[in-house]
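Data file: target-v8.cif. Format and content: mmCIF, C-alpha atoms.
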```
data_run
loop_
_atom_site.label_atom_id
_atom_site.label_comp_id
_atom_site.auth_asym_id
_atom_site.auth_seq_id
_atom_site.Cartn_x
_atom_site.Cartn_y
_atom_site.Cartn_z
CA MET A 505 2.46 -16.09 -10.95
CA SER A 506 4.12 -17.93 -8.10
CA VAL A 507 5.59 -16.81 -4.81
CA ILE A 508 8.78 -18.70 -4.04
CA VAL A 509 9.48 -19.35 -0.39
CA ASN A 510 13.26 -19.41 0.07
CA ARG A 511 14.30 -21.08 3.34
CA ARG A 512 18.01 -20.43 2.92
CA GLN A 513 19.40 -18.30 5.71
CA SER A 514 19.15 -14.54 5.21
CA LEU A 515 18.34 -11.73 7.61
CA ALA A 516 17.35 -8.15 6.83
CA LEU A 517 18.49 -5.25 9.00
CA PHE A 518 16.13 -2.32 9.22
CA GLY A 519 17.14 1.32 9.65
CA GLY A 520 15.28 4.18 11.23
CA LEU A 521 15.40 2.77 14.77
CA ALA A 522 17.82 3.33 17.57
CA GLY A 523 19.33 -0.08 16.96
CA ALA A 524 18.72 -3.45 15.39
CA ALA A 525 20.61 -6.71 15.66
CA ALA A 526 20.20 -10.28 14.53
CA LEU A 527 19.47 -12.99 17.05
CA PRO A 528 21.57 -16.12 16.49
CA PHE A 529 20.04 -19.23 15.05
CA ALA A 530 21.40 -22.61 14.08
CA PRO A 531 21.88 -23.64 10.44
CA ALA A 532 19.73 -26.43 9.06
CA ARG A 533 19.95 -28.38 5.83
CA ALA A 534 16.18 -28.29 5.52
CA GLN A 535 16.46 -24.57 4.84
CA ASP A 536 18.11 -25.27 1.47
CA LYS A 537 14.79 -26.28 -0.09
CA PHE A 538 12.22 -24.06 -1.75
CA ILE A 539 8.47 -24.06 -1.38
CA ASP A 540 6.44 -23.01 -4.41
CA LEU A 541 3.14 -21.39 -3.44
CA THR A 542 1.07 -21.36 -6.61
CA ILE A 543 -1.59 -18.70 -6.31
CA ARG A 544 -3.86 -19.67 -9.17
CA GLY A 545 -7.04 -21.64 -9.02
CA GLY A 546 -7.72 -24.04 -6.20
CA GLN A 547 -4.06 -24.87 -5.62
CA PHE A 548 -3.37 -21.84 -3.45
CA ARG A 549 -2.96 -22.48 0.27
CA PRO A 550 -1.81 -19.71 2.57
CA VAL A 551 0.97 -20.50 5.02
CA SER A 552 -0.32 -21.01 8.55
CA ILE A 553 1.60 -19.11 11.22
CA ALA A 554 1.14 -18.92 14.98
CA VAL A 555 2.01 -15.54 16.53
CA THR A 556 2.34 -16.29 20.24
CA PRO A 557 1.94 -13.51 22.84
CA PHE A 558 5.28 -11.77 23.37
CA LEU A 559 6.64 -11.93 26.89
CA GLY A 560 6.07 -8.51 28.54
CA ASP A 561 3.69 -7.42 25.78
CA ALA A 562 1.00 -5.24 27.39
CA GLU A 563 -2.65 -5.52 26.40
CA GLY A 564 -4.11 -2.71 24.27
CA PRO A 565 -4.05 -1.30 20.73
CA ASN A 566 -0.24 -1.17 20.69
CA ARG A 567 0.24 -4.79 21.68
CA VAL A 568 3.08 -5.87 19.40
CA SER A 569 2.04 -9.50 18.90
CA GLY A 570 -1.57 -8.43 18.25
CA ILE A 571 -0.52 -5.95 15.55
CA ILE A 572 1.67 -8.59 13.89
CA ALA A 573 -1.16 -11.15 13.84
CA GLY A 574 -3.53 -8.49 12.46
CA ASN A 575 -1.11 -7.70 9.65
CA PHE A 576 -0.85 -11.37 8.69
CA ARG A 577 -4.62 -11.75 8.84
CA ARG A 578 -4.91 -9.23 5.98
CA SER A 579 -1.89 -10.49 4.07
CA VAL A 580 -3.69 -13.30 2.14
CA PHE A 581 -0.43 -15.31 1.88
CA LEU A 582 -0.14 -15.93 5.63
CA THR A 583 -2.99 -16.93 7.92
CA PRO A 584 -2.65 -16.77 11.72
CA VAL A 585 -3.56 -19.82 13.78
CA ASP A 586 -6.44 -19.08 16.15
CA ALA A 587 -5.06 -18.39 19.62
CA LYS A 588 -7.65 -20.79 21.02
CA GLN A 589 -5.82 -23.59 19.19
CA PHE A 590 -2.41 -22.83 20.70
CA PRO A 591 -1.10 -26.07 22.29
CA GLU A 592 1.25 -24.36 24.77
CA GLN A 593 2.10 -21.05 26.42
CA ILE A 594 5.59 -19.74 25.68
CA ALA A 595 7.35 -19.00 28.98
CA ASN A 596 10.84 -18.56 27.53
CA PRO A 597 10.98 -17.24 23.94
CA ASP A 598 14.71 -18.04 23.78
CA GLN A 599 13.96 -21.76 23.91
CA PRO A 600 12.46 -23.71 21.00
CA PRO A 601 8.71 -24.27 21.28
CA GLN A 602 7.42 -27.82 21.30
CA LEU A 603 7.19 -28.00 17.53
CA ASP A 604 5.53 -31.43 17.44
CA LEU A 605 2.60 -29.91 19.33
CA TRP A 606 2.46 -26.96 16.90
CA LYS A 607 2.55 -29.30 13.94
CA ALA A 608 -0.48 -31.09 15.37
CA ALA A 609 -2.16 -27.67 15.63
CA ALA A 610 -1.57 -27.21 11.85
CA ALA A 611 0.99 -24.41 12.28
CA GLN A 612 3.77 -24.29 9.69
CA PHE A 613 5.65 -21.47 11.44
CA VAL A 614 5.68 -20.19 15.03
CA VAL A 615 6.66 -16.68 16.15
CA THR A 616 7.92 -16.12 19.69
CA GLY A 617 9.31 -12.97 21.26
CA ARG A 618 9.53 -10.51 24.09
CA THR A 619 9.24 -6.75 24.50
CA GLY A 620 9.62 -4.25 27.31
CA LYS A 621 11.46 -1.18 28.57
CA GLY A 622 15.11 -1.38 29.53
CA PRO A 623 16.92 0.54 32.31
CA ASP A 624 17.43 3.47 29.91
CA GLY A 625 13.68 3.77 29.27
CA ARG A 626 13.95 2.57 25.68
CA MET A 627 11.85 -0.32 24.38
CA LYS A 628 13.59 -3.51 23.36
CA THR A 629 11.68 -5.94 21.15
CA GLU A 630 12.93 -9.24 19.82
CA PHE A 631 11.38 -12.08 17.88
CA ARG A 632 12.26 -15.55 16.67
CA LEU A 633 10.68 -17.39 13.76
CA TRP A 634 10.54 -21.18 14.00
CA ASP A 635 10.01 -23.51 11.06
CA VAL A 636 7.84 -26.38 12.26
CA THR A 637 8.88 -28.63 9.36
CA SER A 638 12.65 -28.31 9.82
CA GLY A 639 12.46 -27.85 13.59
CA GLN A 640 14.83 -24.89 13.33
CA GLN A 641 14.83 -21.17 14.05
CA VAL A 642 14.98 -19.52 10.62
CA ALA A 643 15.00 -15.83 11.58
CA GLY A 644 15.62 -13.68 14.61
CA GLN A 645 15.95 -9.96 15.20
CA GLN A 646 15.93 -7.42 18.01
CA TYR A 647 15.15 -3.69 17.95
CA VAL A 648 15.78 -0.94 20.50
CA THR A 649 13.82 2.27 20.13
CA ASP A 650 11.60 4.84 21.81
CA PRO A 651 8.45 3.24 23.35
CA ASN A 652 6.31 5.53 21.16
CA ASN A 653 7.51 3.50 18.18
CA ALA A 654 5.83 0.29 19.35
CA ARG A 655 3.47 0.16 16.36
CA ARG A 656 6.31 0.71 13.91
CA VAL A 657 8.35 -2.05 15.50
CA ALA A 658 5.40 -4.41 15.11
CA HIS A 659 5.10 -3.49 11.43
CA ILE A 660 8.85 -3.92 10.86
CA VAL A 661 8.77 -7.34 12.52
CA SER A 662 5.77 -8.26 10.34
CA ASP A 663 7.68 -7.24 7.20
CA ALA A 664 10.75 -9.24 8.24
CA ILE A 665 8.69 -12.39 8.80
CA PHE A 666 6.58 -11.94 5.66
CA THR A 667 9.70 -11.55 3.53
CA ARG A 668 11.45 -14.48 5.21
CA ILE A 669 8.55 -16.83 4.46
CA THR A 670 7.28 -15.62 1.07
CA GLY A 671 10.41 -14.10 -0.50
CA GLU A 672 8.32 -10.98 -1.27
CA LYS A 673 8.76 -7.53 0.24
CA GLY A 674 6.39 -6.68 3.06
CA VAL A 675 4.08 -3.66 3.08
CA PHE A 676 3.29 -3.26 6.76
CA ASP A 677 5.75 -0.47 7.65
CA SER A 678 4.08 1.97 5.26
CA ARG A 679 1.54 4.77 5.36
CA VAL A 680 -1.46 5.85 3.31
CA VAL A 681 -2.52 9.42 2.62
CA PHE A 682 -6.25 9.90 2.00
CA VAL A 683 -9.14 12.37 2.07
CA ASP A 684 -11.05 12.37 5.38
CA GLU A 685 -14.71 13.26 4.83
CA THR A 686 -17.14 14.49 7.47
CA GLY A 687 -20.52 16.20 7.42
CA THR A 688 -23.66 15.65 5.41
CA LYS A 689 -23.48 14.62 1.78
CA ASP A 690 -24.46 18.07 0.50
CA LYS A 691 -22.01 19.85 2.81
CA ARG A 692 -19.00 17.59 3.06
CA ARG A 693 -15.78 18.73 4.74
CA LYS A 694 -12.69 17.17 3.18
CA ARG A 695 -9.27 17.13 4.86
CA LEU A 696 -6.02 15.50 3.94
CA ALA A 697 -5.07 12.81 6.43
CA ILE A 698 -2.44 10.13 6.80
CA MET A 699 -2.56 6.75 8.55
CA ASP A 700 -0.67 3.50 8.93
CA GLN A 701 -1.58 0.93 6.28
CA ASP A 702 -3.85 -0.84 8.80
CA GLY A 703 -5.91 2.31 9.48
CA ALA A 704 -4.29 3.23 12.82
CA ASN A 705 -2.36 6.32 13.88
CA VAL A 706 -4.42 8.84 11.87
CA LYS A 707 -3.06 12.40 11.60
CA TYR A 708 -4.63 15.34 9.77
CA LEU A 709 -2.54 17.33 7.30
CA THR A 710 -4.99 20.11 6.39
CA ARG A 711 -7.72 21.85 8.38
CA GLY A 712 -10.55 21.58 5.89
CA GLU A 713 -10.94 25.23 4.91
CA ASP A 714 -10.50 24.30 1.23
CA LEU A 715 -11.79 21.26 -0.60
CA VAL A 716 -8.99 18.77 -1.36
CA ILE A 717 -8.96 15.73 -3.65
CA THR A 718 -6.58 13.25 -5.32
CA PRO A 719 -3.63 13.22 -2.91
CA ARG A 720 -0.62 11.30 -4.20
CA PHE A 721 2.40 10.13 -2.22
CA SER A 722 5.93 10.70 -3.47
CA PRO A 723 7.74 7.36 -3.97
CA SER A 724 11.04 8.84 -2.77
CA SER A 725 10.27 11.38 -0.04
CA GLN A 726 7.75 12.46 2.59
CA ASP A 727 5.99 14.76 0.14
CA VAL A 728 2.39 14.62 -1.03
CA THR A 729 0.89 16.32 -4.06
CA PHE A 730 -2.84 17.06 -4.23
CA MET A 731 -5.48 19.26 -5.79
CA SER A 732 -7.10 22.03 -3.77
CA PHE A 733 -10.17 24.15 -4.50
CA GLY A 734 -9.59 27.58 -2.97
CA ALA A 735 -10.78 31.08 -3.82
CA ALA A 736 -8.94 31.02 -7.18
CA ASP A 737 -8.86 28.31 -9.82
CA PRO A 738 -8.17 24.83 -8.47
CA ARG A 739 -4.43 24.26 -8.12
CA VAL A 740 -2.00 21.41 -7.61
CA PHE A 741 -0.07 21.74 -4.35
CA LEU A 742 3.00 20.08 -2.87
CA LEU A 743 2.98 19.36 0.88
CA ASN A 744 5.84 18.09 3.04
CA ILE A 745 4.36 15.75 5.66
CA GLU A 746 7.10 16.32 8.21
CA THR A 747 7.41 20.14 8.05
CA GLY A 748 3.91 21.08 6.88
CA GLN A 749 5.42 23.33 4.19
CA ARG A 750 3.00 23.82 1.32
CA GLU A 751 3.54 25.33 -2.14
CA VAL A 752 1.77 25.61 -5.49
CA VAL A 753 3.14 23.39 -8.27
CA GLY A 754 3.33 25.90 -11.11
CA ASN A 755 1.17 28.91 -11.90
CA PHE A 756 -0.79 27.88 -14.95
CA PRO A 757 -3.74 29.73 -16.47
CA GLY A 758 -6.71 27.44 -16.05
CA MET A 759 -7.29 24.46 -13.78
CA THR A 760 -4.61 21.91 -12.95
CA PHE A 761 -5.63 18.55 -11.53
CA ALA A 762 -4.81 14.80 -11.20
CA PRO A 763 -1.15 15.18 -10.15
CA ARG A 764 1.24 12.26 -9.68
CA PHE A 765 4.96 11.96 -8.98
CA SER A 766 7.55 10.36 -11.23
CA PRO A 767 9.23 7.24 -9.77
CA ASP A 768 12.28 9.26 -8.66
CA GLY A 769 10.11 11.98 -7.12
CA ALA A 770 11.84 14.65 -9.23
CA ARG A 771 8.83 15.48 -11.43
CA VAL A 772 5.08 15.82 -11.21
CA VAL A 773 2.84 14.97 -14.13
CA MET A 774 -0.63 16.56 -14.16
CA SER A 775 -3.53 17.58 -16.34
CA LEU A 776 -4.15 21.19 -17.35
CA SER A 777 -7.63 22.21 -18.45
CA GLN A 778 -7.92 25.04 -20.99
CA GLY A 779 -11.12 25.68 -22.87
CA GLY A 780 -12.91 22.42 -23.56
CA SER A 781 -9.84 20.18 -23.49
CA ALA A 782 -7.27 18.99 -21.00
CA ASN A 783 -3.71 17.96 -21.77
CA LEU A 784 -0.86 16.40 -19.80
CA TYR A 785 2.14 18.37 -18.56
CA ALA A 786 5.24 17.34 -16.62
CA MET A 787 7.09 19.70 -14.28
CA ASP A 788 10.62 19.33 -12.99
CA LEU A 789 10.36 20.17 -9.29
CA ARG A 790 13.90 21.56 -9.12
CA SER A 791 13.99 23.83 -12.17
CA ARG A 792 10.20 24.28 -12.47
CA ALA A 793 10.60 23.69 -16.21
CA THR A 794 7.38 22.42 -17.77
CA THR A 795 6.97 20.04 -20.69
CA ARG A 796 3.72 19.51 -22.57
CA LEU A 797 3.19 15.81 -23.16
CA SER A 798 -0.11 15.56 -25.02
CA ASP A 799 -1.79 17.79 -27.58
CA SER A 800 -5.39 16.91 -28.28
CA GLN A 801 -8.86 18.40 -28.16
CA ALA A 802 -9.94 15.65 -25.75
CA ILE A 803 -9.76 15.27 -21.97
CA ASP A 804 -6.45 13.62 -21.10
CA THR A 805 -6.10 13.07 -17.38
CA SER A 806 -5.12 10.70 -14.51
CA PRO A 807 -1.52 10.14 -15.67
CA SER A 808 0.66 7.52 -13.98
CA TYR A 809 4.33 6.73 -14.65
CA SER A 810 5.66 3.23 -15.20
CA PRO A 811 8.12 2.27 -12.42
CA ASP A 812 11.10 2.80 -14.76
CA GLY A 813 9.82 6.27 -15.68
CA ALA A 814 9.83 5.45 -19.40
CA GLN A 815 6.06 5.41 -20.03
CA ILE A 816 2.86 7.05 -18.81
CA ALA A 817 -0.58 5.47 -18.61
CA PHE A 818 -3.53 7.88 -18.68
CA GLU A 819 -7.22 8.08 -19.40
CA SER A 820 -8.67 9.95 -22.37
CA ASP A 821 -11.96 10.34 -24.19
CA ARG A 822 -10.20 11.01 -27.50
CA GLY A 823 -11.90 7.92 -28.93
CA GLY A 824 -15.35 9.04 -27.82
CA ALA A 825 -15.42 7.48 -24.34
CA GLN A 826 -13.03 7.14 -21.41
CA GLN A 827 -10.33 4.57 -22.17
CA ILE A 828 -6.76 3.90 -21.04
CA TYR A 829 -3.79 4.83 -23.19
CA VAL A 830 -0.02 4.43 -22.83
CA MET A 831 2.62 6.76 -24.26
CA SER A 832 6.28 7.65 -23.81
CA SER A 833 6.99 9.75 -20.71
CA GLY A 834 8.48 12.33 -23.07
CA GLY A 835 5.17 12.72 -24.89
CA GLY A 836 4.14 11.87 -28.43
CA GLY A 837 1.85 9.22 -29.81
CA ALA A 838 -0.36 7.15 -27.51
CA LYS A 839 -1.59 3.57 -27.79
CA ARG A 840 -4.97 2.50 -26.47
CA ILE A 841 -4.81 -0.60 -24.25
CA SER A 842 -8.37 -0.99 -22.87
CA PHE A 843 -10.91 -2.67 -25.16
CA GLY A 844 -13.48 -4.30 -22.89
CA GLU A 845 -17.09 -3.21 -22.57
CA GLY A 846 -17.63 -0.02 -20.59
CA ARG A 847 -15.50 3.00 -19.68
CA TYR A 848 -12.03 2.84 -18.11
CA SER A 849 -10.46 5.46 -15.86
CA THR A 850 -7.95 6.23 -13.06
CA PRO A 851 -5.10 4.02 -14.30
CA VAL A 852 -2.17 3.48 -11.94
CA TRP A 853 0.99 1.50 -12.68
CA SER A 854 2.14 -1.21 -10.30
CA PRO A 855 5.58 -0.65 -8.72
CA ARG A 856 6.45 -4.12 -10.05
CA GLY A 857 5.73 -2.92 -13.59
CA ASP A 858 3.61 -5.98 -14.39
CA LEU A 859 0.11 -4.54 -13.98
CA ILE A 860 -1.98 -1.41 -14.40
CA ALA A 861 -4.94 -1.01 -12.05
CA PHE A 862 -8.04 0.87 -13.17
CA THR A 863 -11.67 1.75 -12.51
CA LYS A 864 -14.18 0.29 -14.96
CA GLN A 865 -17.73 1.55 -15.30
CA LYS A 866 -20.26 -0.66 -17.02
CA GLY A 867 -23.92 0.17 -16.68
CA GLY A 868 -24.51 1.10 -13.05
CA SER A 869 -21.58 -0.91 -11.73
CA PHE A 870 -18.05 0.31 -10.93
CA GLY A 871 -15.28 -2.27 -10.82
CA ILE A 872 -11.66 -2.18 -9.71
CA GLY A 873 -9.47 -4.27 -11.97
CA VAL A 874 -5.96 -4.92 -13.23
CA MET A 875 -4.51 -5.62 -16.66
CA ARG A 876 -1.05 -6.06 -18.13
CA PRO A 877 0.57 -2.93 -19.63
CA ASP A 878 -0.32 -4.15 -23.13
CA GLY A 879 -4.00 -4.46 -22.15
CA SER A 880 -4.09 -8.25 -21.93
CA GLY A 881 -5.11 -10.34 -18.94
CA GLU A 882 -7.84 -8.03 -17.67
CA ARG A 883 -9.11 -9.17 -14.28
CA ILE A 884 -11.85 -7.48 -12.19
CA LEU A 885 -11.04 -7.72 -8.48
CA THR A 886 -14.25 -6.27 -7.10
CA GLU A 887 -17.33 -4.44 -8.37
CA GLY A 888 -20.40 -2.75 -6.98
CA PHE A 889 -22.35 0.49 -6.85
CA HIS A 890 -19.34 2.84 -6.79
CA ASN A 891 -15.72 1.73 -6.48
CA GLU A 892 -12.95 4.09 -7.58
CA GLY A 893 -9.38 5.29 -7.19
CA PRO A 894 -7.06 2.25 -6.97
CA THR A 895 -3.58 2.59 -5.49
CA PHE A 896 -0.91 -0.10 -5.28
CA ALA A 897 0.95 -1.29 -2.20
CA PRO A 898 4.75 -0.82 -2.36
CA ASN A 899 5.22 -4.50 -3.24
CA GLY A 900 2.54 -4.50 -5.95
CA LEU A 901 0.58 -7.38 -4.39
CA TYR A 902 -2.34 -5.34 -3.00
CA VAL A 903 -4.62 -2.54 -4.16
CA MET A 904 -6.48 -0.01 -2.01
CA PHE A 905 -9.52 1.87 -3.32
CA PHE A 906 -12.62 3.57 -2.00
CA ARG A 907 -16.23 2.48 -2.19
CA ASP A 908 -19.39 4.54 -1.79
CA SER A 909 -22.45 2.41 -1.18
CA GLY A 910 -24.81 5.30 -1.97
CA GLY A 911 -27.66 6.73 0.05
CA ALA A 912 -27.00 9.15 2.89
CA GLY A 913 -23.66 7.57 3.76
CA GLY A 914 -20.24 8.15 2.28
CA PRO A 915 -17.15 6.42 0.93
CA LYS A 916 -14.91 4.02 2.83
CA ILE A 917 -11.51 2.59 2.01
CA HIS A 918 -11.01 -1.08 1.14
CA MET A 919 -8.08 -3.21 0.03
CA ALA A 920 -7.79 -6.39 -2.02
CA ASP A 921 -4.97 -8.57 -3.29
CA VAL A 922 -4.25 -8.37 -7.02
CA PHE A 923 -5.46 -11.96 -7.50
CA GLY A 924 -8.95 -11.14 -6.25
CA ARG A 925 -8.89 -13.71 -3.46
CA SER A 926 -9.69 -11.49 -0.47
CA GLU A 927 -11.00 -8.03 0.31
CA PHE A 928 -10.82 -6.12 3.59
CA ALA A 929 -12.23 -2.85 4.89
CA VAL A 930 -9.61 -0.40 6.16
CA PRO A 931 -10.95 1.34 9.30
CA THR A 932 -10.97 5.15 9.31
CA PRO A 933 -12.44 7.65 11.80
CA ALA A 934 -15.02 8.95 9.33
CA TYR A 935 -15.81 8.58 5.65
CA ALA A 936 -12.68 8.35 3.52
CA SER A 937 -11.73 8.48 -0.16
CA ASP A 938 -8.82 8.84 -2.59
CA PRO A 939 -6.21 6.67 -0.83
CA SER A 940 -2.59 6.81 -1.97
CA TRP A 941 -0.23 4.15 -0.63
CA GLY A 942 3.22 5.49 0.23
CA PRO A 943 6.62 3.76 0.11
CA LEU A 944 8.06 1.60 2.86
CA LEU A 945 9.46 3.68 5.69
CA THR A 946 12.40 1.31 6.22
#
```

For this file, produce the structure as C-alpha cells.
Amino acid sequence: MSVIVNRRQSLALFGGLAGAAALPFAPARAQDKFIDLTIRGGQFRPVSIAVTPFLGDAEGPNRVSGIIAGNFRRSVFLTPVDAKQFPEQIANPDQPPQLDLWKAAAAQFVVTGRTGKGPDGRMKTEFRLWDVTSGQQVAGQQYVTDPNNARRVAHIVSDAIFTRITGEKGVFDSRVVFVDETGTKDKRRKRLAIMDQDGANVKYLTRGEDLVITPRFSPSSQDVTFMSFGAADPRVFLLNIETGQREVVGNFPGMTFAPRFSPDGARVVMSLSQGGSANLYAMDLRSRATTRLSDSQAIDTSPSYSPDGAQIAFESDRGGAQQIYVMSSGGGGAKRISFGEGRYSTPVWSPRGDLIAFTKQKGGSFGIGVMRPDGSGERILTEGFHNEGPTFAPNGLYVMFFRDSGGAGGPKIHMADVFGRSEFAVPTPAYASDPSWGPLLT
C-alpha cells in the first residue's frame, strides 16, 4: 500500500467551531507533483515537519503547537524535527520562514502560526504550512472559538496538516471510549470513560456501581453501547454521551453481550446466550425489531459489520476452537477465514474495508494482528503476555488495544499502525481496557 502525497492546492473547512476561514497563499507549479511514500520494507521514510511555537501560545498542557507536535510524533507518517535543531525563531508567522535554513535542518515542511484571545474574549488560532522544497505556503487556515476549545483546535489543525501532506484523513479530532479500572485485581472497579485520542481530557460516563465491559462507539452519533452486569442478567445498554440518557437494548431472556453498531448507527448486533450456546441477533434501534442471524449450538460472538453494512465478521467455536468467520449481515451461511495456528477472537472490520483486526492466542502469547477479509495477508502487529480488544482509528491506519502485563498490575491501552512499524502507550489516569475509537468530530 502507498500513501500518495498530493501537493495540488486544496483546503478543508472544518465545522463545529464558531468560525473558520482559509488564509491566502500563493500558487506554485511545484505543487502539481506527487510524492509516493511507499510504506513497505526499508523504503519507508516519514516526512519530517517542524512545528514552530505559535506566537502567543501559552506554556502548559493546552499549548496548541505542543499538542500538534505530539500528534505528529505518534502519527508514524510524519516526524517532528527536534526543537533544539530549529535554525530560527519565528517572529512573524505571516512572513515566509527562511526555508534554506530549514532545509539544512532536514525539515521538509514547516508549520508557523499564532493564537490568542481577541477583544470579544474568543480564541483565534491560525496556521500556515510551508513546503521547504517548493518554497511556497501550501495550506493556511484560521479558527475562532471559545478558549475552552484550545485542544480541539490543535487536533483540527493537526488533521488539516496531516491530510494536506499525506492525502489521508487525519484521526486527531476524535475520541475513545474505554473502561477505566481502579482497585486491586480481585476487587476491580470498572467505569465507562471517554478521552481524546491522545489520552487527554478524560471524563467518566458511569459511576462504577455496576461492572461494565465492551463499550462500542456509534459511527454516526454520540451514542455508546456496552454490556453491564447489574442485579439481573447482564444486559446491553445504550448511552448518549451528551445527555447521559441510558436505556436497555432489548429485553431478552438470557444474557446479551458483545454489542456493536452497524455503520449507519441504526442497528446493534449482539450475542445472546441461551443454554450452552450463543447466537447473533441484530436489533433495529428505531422499531426495536429483532432479527436472528445465526443458528448454531456453538458460541457465536464478537460480531462486527463491514463498512458497507453488507457482511459481518464474528468469532465462533463451531469448528472446535475459536476462529473468525464472515457471513451476510442478513444471516445465513458463514465462511471461516482464519487458518493459522492458534485461536482467533475479537474481530473488528476496518472502516476502509481492507482489513479485519483480531486477537490471536498461541500458547501463552496473545497477539494483535490484521488480515484481509478473505483471510489472506495475515500480519501480527504486536504480541506478548496478554493483548486483546483491537479497535480501528477512523481512517483505518491505526489500531488501539489493551495489554495486561500480568502480576499485581492491570491493563493499559496502546496503539500501533497497521503496518507494525511503531507502537505507543496511550496515557490514562488508571488501568484501562476495552478501547473503542469513535468517529471524527469534524

Give me the result of the PyMOL selection byres ((chain A and resi 818-826) around 8) on this file, residue by residue, as a PDB file with C-alpha atoms, in the coordinates of the input.
```pdb
ATOM      1  CA  SER A 800      -5.390  16.910 -28.280  1.00  0.00           C
ATOM      2  CA  GLN A 801      -8.860  18.400 -28.160  1.00  0.00           C
ATOM      3  CA  ALA A 802      -9.940  15.650 -25.750  1.00  0.00           C
ATOM      4  CA  ILE A 803      -9.760  15.270 -21.970  1.00  0.00           C
ATOM      5  CA  ASP A 804      -6.450  13.620 -21.100  1.00  0.00           C
ATOM      6  CA  THR A 805      -6.100  13.070 -17.380  1.00  0.00           C
ATOM      7  CA  SER A 806      -5.120  10.700 -14.510  1.00  0.00           C
ATOM      8  CA  PRO A 807      -1.520  10.140 -15.670  1.00  0.00           C
ATOM      9  CA  SER A 808       0.660   7.520 -13.980  1.00  0.00           C
ATOM     10  CA  ILE A 816       2.860   7.050 -18.810  1.00  0.00           C
ATOM     11  CA  ALA A 817      -0.580   5.470 -18.610  1.00  0.00           C
ATOM     12  CA  GLN A 827     -10.330   4.570 -22.170  1.00  0.00           C
ATOM     13  CA  ILE A 828      -6.760   3.900 -21.040  1.00  0.00           C
ATOM     14  CA  TYR A 829      -3.790   4.830 -23.190  1.00  0.00           C
ATOM     15  CA  VAL A 830      -0.020   4.430 -22.830  1.00  0.00           C
ATOM     16  CA  ARG A 847     -15.500   3.000 -19.680  1.00  0.00           C
ATOM     17  CA  TYR A 848     -12.030   2.840 -18.110  1.00  0.00           C
ATOM     18  CA  SER A 849     -10.460   5.460 -15.860  1.00  0.00           C
ATOM     19  CA  THR A 850      -7.950   6.230 -13.060  1.00  0.00           C
ATOM     20  CA  PRO A 851      -5.100   4.020 -14.300  1.00  0.00           C
TER      21      PRO A 851
END
```

Which residues, written as a short mmCIF file (atom, residue, chain, number, x, y, z; two decimals) with C-alpha atoms, in the coordinates of the input, have at least one atom at most 6 Å from segment 920-935 of chain A, with only C-alpha atoms counted and residues fewer than 2 positions away on the same chain left out?
```cif
data_model
loop_
_atom_site.label_atom_id
_atom_site.label_comp_id
_atom_site.auth_asym_id
_atom_site.auth_seq_id
_atom_site.Cartn_x
_atom_site.Cartn_y
_atom_site.Cartn_z
CA GLU A 685 -14.71 13.26 4.83
CA GLY A 703 -5.91 2.31 9.48
CA LEU A 885 -11.04 -7.72 -8.48
CA LEU A 901 0.58 -7.38 -4.39
CA TYR A 902 -2.34 -5.34 -3.00
CA VAL A 903 -4.62 -2.54 -4.16
CA GLY A 914 -20.24 8.15 2.28
CA PRO A 915 -17.15 6.42 0.93
CA LYS A 916 -14.91 4.02 2.83
CA ILE A 917 -11.51 2.59 2.01
CA HIS A 918 -11.01 -1.08 1.14
#
```

Inset, instruction - Take the PyMOL selection byres ((chain A and resi 776) around 10), apply it to the structure above, and return the hits as a PyMOL selection string. - result: chain A and resi 739-740+756-763+773-775+777-779+781-785+796+803-805

Output C-alpha atoms for every residue in that selection, as a PDB file, in the coordinates of the input.
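Here's the written file out_6.pdb:
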```
ATOM      1  CA  ARG A 739      -4.430  24.260  -8.120  1.00  0.00           C
ATOM      2  CA  VAL A 740      -2.000  21.410  -7.610  1.00  0.00           C
ATOM      3  CA  PHE A 756      -0.790  27.880 -14.950  1.00  0.00           C
ATOM      4  CA  PRO A 757      -3.740  29.730 -16.470  1.00  0.00           C
ATOM      5  CA  GLY A 758      -6.710  27.440 -16.050  1.00  0.00           C
ATOM      6  CA  MET A 759      -7.290  24.460 -13.780  1.00  0.00           C
ATOM      7  CA  THR A 760      -4.610  21.910 -12.950  1.00  0.00           C
ATOM      8  CA  PHE A 761      -5.630  18.550 -11.530  1.00  0.00           C
ATOM      9  CA  ALA A 762      -4.810  14.800 -11.200  1.00  0.00           C
ATOM     10  CA  PRO A 763      -1.150  15.180 -10.150  1.00  0.00           C
ATOM     11  CA  VAL A 773       2.840  14.970 -14.130  1.00  0.00           C
ATOM     12  CA  MET A 774      -0.630  16.560 -14.160  1.00  0.00           C
ATOM     13  CA  SER A 775      -3.530  17.580 -16.340  1.00  0.00           C
ATOM     14  CA  SER A 777      -7.630  22.210 -18.450  1.00  0.00           C
ATOM     15  CA  GLN A 778      -7.920  25.040 -20.990  1.00  0.00           C
ATOM     16  CA  GLY A 779     -11.120  25.680 -22.870  1.00  0.00           C
ATOM     17  CA  SER A 781      -9.840  20.180 -23.490  1.00  0.00           C
ATOM     18  CA  ALA A 782      -7.270  18.990 -21.000  1.00  0.00           C
ATOM     19  CA  ASN A 783      -3.710  17.960 -21.770  1.00  0.00           C
ATOM     20  CA  LEU A 784      -0.860  16.400 -19.800  1.00  0.00           C
ATOM     21  CA  TYR A 785       2.140  18.370 -18.560  1.00  0.00           C
ATOM     22  CA  ARG A 796       3.720  19.510 -22.570  1.00  0.00           C
ATOM     23  CA  ILE A 803      -9.760  15.270 -21.970  1.00  0.00           C
ATOM     24  CA  ASP A 804      -6.450  13.620 -21.100  1.00  0.00           C
ATOM     25  CA  THR A 805      -6.100  13.070 -17.380  1.00  0.00           C
TER      26      THR A 805
END
```

Inset, instruction - Provide the atom CA of Pro550 of chain A to atom CA of Thr583 of chain A distance in Å, to one decimal place. - result: 6.1 Å

Legend entry - Picked residues, the PyMOL selection byres ((chain A and resi 764-771) around 7), expected as number ranges by chain: A: 720, 722-724, 729, 762-763, 772-774, 786-789, 807-809, 811-813

Inset, instruction - Show which residues sit within 12 Å of Ala704 of chain A, as a ChimeraX atom specification. Count all atoms listed in the file, and ignore same-chain residues fewer than 2 positions away. - result: /A:565-566,571,574-575,655-656,659,676-680,697-702,706-707,930-933

Inset, instruction - Please measure the separation of atom CA of Asn653 of chain A and atom CA of Val675 of chain A, giving the value in Å to one decimal. - result: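 Computing it gives 17.1 Å between the two atoms.
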